[in-house]
Amino acid sequence: RELVGEHVAGADQLRFADVLSYWEGRFHSITLEDRNLPKIAEKRVLRPKSEDARRRLDEAFATTEKTRSEILQVLLTDEASLATFRQVYPFSPALMETLVAVSSVLQRERTALKVMLQLLVEQKDTLELGQVVPVGDLFDVIAEGDEPFTEGMRVNFENAKRLWRTKLLPLLEREHGLREQEADALLPEDARGRAFRANARLLKTLLLAALVPEVRSMKALTPVRLAALNHGSIRTPIPGQESQEVLARLRRWAGQVGEIKVSDDPQNPVISVQI
C-alpha cells in the first residue's frame with residue numbers, strides 16, 4: 001500500500017487493495033520485535049560455516065564468559081543472558097541494544113542486520129577469534145552518509161560528525177603523530193595502530209551516547225563502562241587497571257576539547273560529550 005501510494009489511477013488502486021485484502025485473509029501476520037533480533041541474527045548473519053567453526057566459536061565464547069564480572073555485566077546489559085550473548089557473539093548485547101536504537105532512526109535500507117554484516121565485512125582482516133566487536137566501531141558505520149528520519153536527529157548526526165572531524169580526530173592525530181588513514185593502513189598487530197583505534201573507539205562511544213541517550217547501555221558512561229563496552233581495546237600492563245587508564249586519557253583530552261565533560265567524582269566520574 002505504501003509503495004503504490006497515490007500515484008496510481010483510482011480503479012487500479014482499488015484492484016490492488018482487493019488483492020492485498022485477499023492475501024491478508026489467507027495468511028497470518030508475524031510481528032518481529034526488537035527482542036527477536038538475536039535469534040534472527042544468529043540464523044541470518046552469524047551461522048557458522050561448519051561444525052568445526054561452531055566448536056571453535058563455542059570455545060572462544062567459553063573464554064569470554066570468564067571475563068571479570070564488572071565487564072561482563074556491562075556487556076550483558078540488564079536484560080540479556082549468557083545464552084543471548086552466545087547467539088550474537090562476537091557482538092555483545094550492549095552493542096545490539098545500541099544498534100537497535102540507532103538503526104531505528106536511519107533510512108529503512110539500513111536495517112540492523114545489514115549494519116551487523118557491514119561491521120563484520122569491514123573487520124574481516126582485523127577481528128580475531130575470541131574478540132568482541134567494540135561498541136565504538138558502530139559510529140563509523142552509521143556515519144556513512146545516511147539521512148536520519150527526523151530533522152532533529154539529522155541535526156544531531158551532523159553535529160556529531162562535525163565534532164569528530166574538526167576536533168576529536170585532529171586531537172588523536174596530534175597525540176599519536178599519525179593521520180587516520182596511516183593508522184588504518186598499519187598491520188593489525190602494529191602497536192601504534194592499535195593504540196590509535198582504541199582511543200578513537202572511546203571517543204566514538206561518547207558520540208553514540210550523545211546521539212541515543214535513551215539507551216540504557218549508553219547512560220552514565222563511567223571509565224569502567226567505557227572500557228567494558230570496548231572490551232579488549234584498552235590494554236594495560238596489569239589487568240584490571242583499564243578504567244584508570246581510560247579516566248587519565250579522557251581527563252587529558254577534556255583539557256584540550258571543551259565538549260568533553262568529566263564530572264567531579266574523583267574515583268568513577270560520569271563522562272559525556274556535548275554535541
# chains A, B, ... in the order shown; residues from 1 in each chain; ligands from 1
call {"tool": "residues_around", "arguments": {"residues": "Val215 in chain A", "least_positions_apart": "5", "cutoff": "10 Å", "atoms": "only C-alpha atoms", "output": "list of chain:residue names"}}
result
A:Ala94, A:Glu97, A:Thr98, A:Leu99, A:Val100, A:Ala101, A:Val102, A:Leu208, A:Ala209
call {"tool": "residues_around", "arguments": {"residues": "range 25-34 of chain A", "least_positions_apart": "4", "cutoff": "12 Å", "atoms": "only C-alpha atoms", "output": "list in words"}}
result
Asp18, Val19, Leu20, Ser21, Pro38, Lys39, Ile40, Ala41, Pro93, Met96, Glu97, Thr98, Leu99, Val100, Ala101, Ser103, Ser104, Thr111, Ala112 and Leu113 of chain A
call {"tool": "closest_residue", "arguments": {"among": "A:Pro223, A:Arg235, A:Phe16, A:Glu180", "to": "Arg165 in chain A", "atoms": "only C-alpha atoms"}}
result
A:Glu180
call {"tool": "closest_residue", "arguments": {"among": "A:Glu51, A:Thr222, A:Gly130, A:Gln13", "to": "Glu65 in chain A", "atoms": "only C-alpha atoms"}}
result
A:Gly130
call {"tool": "select_by_dssp", "arguments": {"residues": "range 78-262 of chain A", "states": "helix (DSSP H, G or I)", "output": "PyMOL selection string"}}
result
chain A and resi 82-88+93-103+112-122+135-142+151-176+180-185+191-211+216-218+223-229+242-254
call {"tool": "residues_around", "arguments": {"residues": "range 182-196 of chain A", "least_positions_apart": "3", "cutoff": "10 Å", "atoms": "only C-alpha atoms", "output": "compact mmCIF listing (two decimals) with all heavy atoms, in the first residue's frame"}}
result
# COMPACT_ATOMS: atom_id res chain seq x y z
N ASP A 125 39.68 -8.59 8.24
CA ASP A 125 41.13 -8.76 8.28
C ASP A 125 41.73 -8.43 9.65
O ASP A 125 42.93 -8.63 9.86
CB ASP A 125 41.80 -7.88 7.23
CG ASP A 125 41.43 -8.30 5.81
OD1 ASP A 125 41.25 -9.51 5.58
OD2 ASP A 125 41.29 -7.42 4.94
N THR A 126 40.92 -7.90 10.56
CA THR A 126 41.47 -7.47 11.86
C THR A 126 40.81 -8.14 13.06
O THR A 126 41.45 -8.32 14.09
CB THR A 126 41.32 -5.94 12.01
OG1 THR A 126 39.94 -5.58 11.87
CG2 THR A 126 42.14 -5.21 10.96
N LEU A 127 39.53 -8.51 12.95
CA LEU A 127 38.82 -9.11 14.09
C LEU A 127 39.27 -10.55 14.27
O LEU A 127 39.14 -11.37 13.35
CB LEU A 127 37.31 -9.04 13.87
CG LEU A 127 36.44 -9.52 15.03
CD1 LEU A 127 36.59 -8.61 16.23
CD2 LEU A 127 34.98 -9.61 14.60
N GLU A 128 39.81 -10.87 15.43
CA GLU A 128 40.32 -12.20 15.69
C GLU A 128 39.32 -13.02 16.50
O GLU A 128 38.50 -12.47 17.24
CB GLU A 128 41.65 -12.11 16.45
CG GLU A 128 42.74 -11.38 15.67
CD GLU A 128 44.02 -11.27 16.47
OE1 GLU A 128 44.06 -11.76 17.62
OE2 GLU A 128 44.99 -10.68 15.95
N LEU A 172 43.40 13.25 18.22
CA LEU A 172 44.07 11.94 18.19
C LEU A 172 45.27 11.95 17.25
O LEU A 172 46.31 11.37 17.55
CB LEU A 172 43.08 10.86 17.76
CG LEU A 172 41.96 10.51 18.73
CD1 LEU A 172 41.10 9.38 18.16
CD2 LEU A 172 42.50 10.12 20.09
N GLU A 173 45.12 12.59 16.12
CA GLU A 173 46.22 12.61 15.16
C GLU A 173 47.43 13.36 15.71
O GLU A 173 48.57 12.94 15.49
CB GLU A 173 45.74 13.25 13.84
CG GLU A 173 44.74 12.37 13.10
CD GLU A 173 44.23 12.99 11.81
OE1 GLU A 173 44.25 14.25 11.70
OE2 GLU A 173 43.80 12.26 10.91
N GLU A 175 48.14 13.63 18.96
CA GLU A 175 48.67 12.85 20.08
C GLU A 175 49.49 11.65 19.60
O GLU A 175 50.51 11.31 20.21
CB GLU A 175 47.52 12.39 20.98
CG GLU A 175 47.98 11.62 22.20
CD GLU A 175 46.88 11.45 23.23
OE1 GLU A 175 46.39 12.46 23.78
OE2 GLU A 175 46.50 10.29 23.47
N HIS A 176 49.05 11.02 18.53
CA HIS A 176 49.71 9.80 18.07
C HIS A 176 50.73 10.07 16.95
O HIS A 176 51.48 9.16 16.58
CB HIS A 176 48.67 8.79 17.57
CG HIS A 176 47.83 8.21 18.66
ND1 HIS A 176 48.21 7.10 19.38
CD2 HIS A 176 46.64 8.60 19.18
CE1 HIS A 176 47.26 6.82 20.28
NE2 HIS A 176 46.30 7.71 20.18
N GLY A 177 50.73 11.28 16.41
CA GLY A 177 51.64 11.57 15.31
C GLY A 177 51.32 10.77 14.07
O GLY A 177 52.20 10.45 13.27
N LEU A 178 50.03 10.46 13.89
CA LEU A 178 49.57 9.65 12.75
C LEU A 178 48.31 10.26 12.18
O LEU A 178 47.46 10.77 12.92
CB LEU A 178 49.24 8.22 13.19
CG LEU A 178 50.36 7.21 13.42
CD1 LEU A 178 49.77 5.94 14.01
CD2 LEU A 178 51.09 6.91 12.13
N ARG A 179 48.15 10.21 10.86
CA ARG A 179 46.87 10.51 10.25
C ARG A 179 45.98 9.28 10.36
O ARG A 179 46.48 8.15 10.46
CB ARG A 179 47.04 10.91 8.78
CG ARG A 179 47.91 12.12 8.55
CD ARG A 179 47.31 13.37 9.17
NE ARG A 179 46.01 13.68 8.62
CZ ARG A 179 45.83 14.43 7.52
NH1 ARG A 179 46.89 14.92 6.89
NH2 ARG A 179 44.62 14.69 7.07
N ASN A 199 41.78 4.50 21.22
CA ASN A 199 41.38 5.83 21.67
C ASN A 199 40.21 6.36 20.84
O ASN A 199 39.31 7.01 21.37
CB ASN A 199 42.56 6.79 21.58
CG ASN A 199 43.58 6.54 22.69
OD1 ASN A 199 43.26 5.94 23.71
ND2 ASN A 199 44.81 6.98 22.48
N ALA A 200 40.23 6.07 19.54
CA ALA A 200 39.12 6.51 18.69
C ALA A 200 37.82 5.86 19.14
O ALA A 200 36.76 6.50 19.15
CB ALA A 200 39.42 6.16 17.23
N ARG A 201 37.88 4.59 19.54
CA ARG A 201 36.67 3.90 19.98
C ARG A 201 36.08 4.53 21.24
O ARG A 201 34.85 4.62 21.39
CB ARG A 201 36.98 2.42 20.23
CG ARG A 201 37.11 1.62 18.95
CD ARG A 201 37.81 0.30 19.16
NE ARG A 201 37.83 -0.50 17.94
CZ ARG A 201 38.69 -1.47 17.71
NH1 ARG A 201 39.61 -1.78 18.64
NH2 ARG A 201 38.66 -2.15 16.58
N SER A 233 40.02 -3.47 23.72
CA SER A 233 40.73 -2.38 23.04
C SER A 233 41.76 -1.72 23.94
O SER A 233 42.85 -1.37 23.50
CB SER A 233 39.72 -1.32 22.56
OG SER A 233 38.86 -1.85 21.58
N ILE A 234 41.40 -1.54 25.22
CA ILE A 234 42.28 -0.87 26.17
C ILE A 234 43.15 -1.91 26.86
O ILE A 234 42.63 -2.80 27.54
CB ILE A 234 41.47 -0.06 27.21
CG1 ILE A 234 40.44 0.83 26.51
CG2 ILE A 234 42.40 0.76 28.09
CD1 ILE A 234 41.05 1.82 25.54
N ARG A 235 44.46 -1.79 26.68
CA ARG A 235 45.38 -2.77 27.25
C ARG A 235 46.30 -2.06 28.24
O ARG A 235 46.83 -0.99 27.97
CB ARG A 235 46.21 -3.43 26.14
CG ARG A 235 45.35 -4.14 25.10
CD ARG A 235 46.18 -4.85 24.06
NE ARG A 235 45.34 -5.49 23.05
CZ ARG A 235 45.81 -6.24 22.07
NH1 ARG A 235 47.14 -6.46 21.97
NH2 ARG A 235 45.00 -6.78 21.18
call {"tool": "residues_around", "arguments": {"residues": "range 258-264 of chain A", "least_positions_apart": "6", "cutoff": "7 Å", "atoms": "only C-alpha atoms", "output": "mmCIF file with C-alpha atoms, in the first residue's frame"}}
result
data_model
loop_
_atom_site.group_PDB
_atom_site.id
_atom_site.type_symbol
_atom_site.label_atom_id
_atom_site.label_comp_id
_atom_site.auth_asym_id
_atom_site.auth_seq_id
_atom_site.Cartn_x
_atom_site.Cartn_y
_atom_site.Cartn_z
ATOM 1 C CA ARG A 251 40.833 13.969 31.576
ATOM 2 C CA VAL A 270 30.469 10.251 34.522
ATOM 3 C CA ILE A 271 31.902 11.217 31.152
ATOM 4 C CA SER A 272 29.959 12.709 28.259
ATOM 5 C CA VAL A 273 30.430 14.730 25.117
ATOM 6 C CA GLN A 274 28.326 17.737 24.155
#
call {"tool": "closest_residue", "arguments": {"among": "A:Leu211, A:Arg35, A:Leu46, A:Arg54", "to": "Val155 in chain A", "atoms": "only C-alpha atoms"}}
result
A:Leu211
call {"tool": "atom_distance", "arguments": {"atom1": "CA of Glu144 in chain A", "atom2": "CA of Pro48 in chain A"}}
result
28.4 Å
call {"tool": "atom_distance", "arguments": {"atom1": "CA of Val224 in chain A", "atom2": "CA of Gln73 in chain A"}}
result
10.9 Å
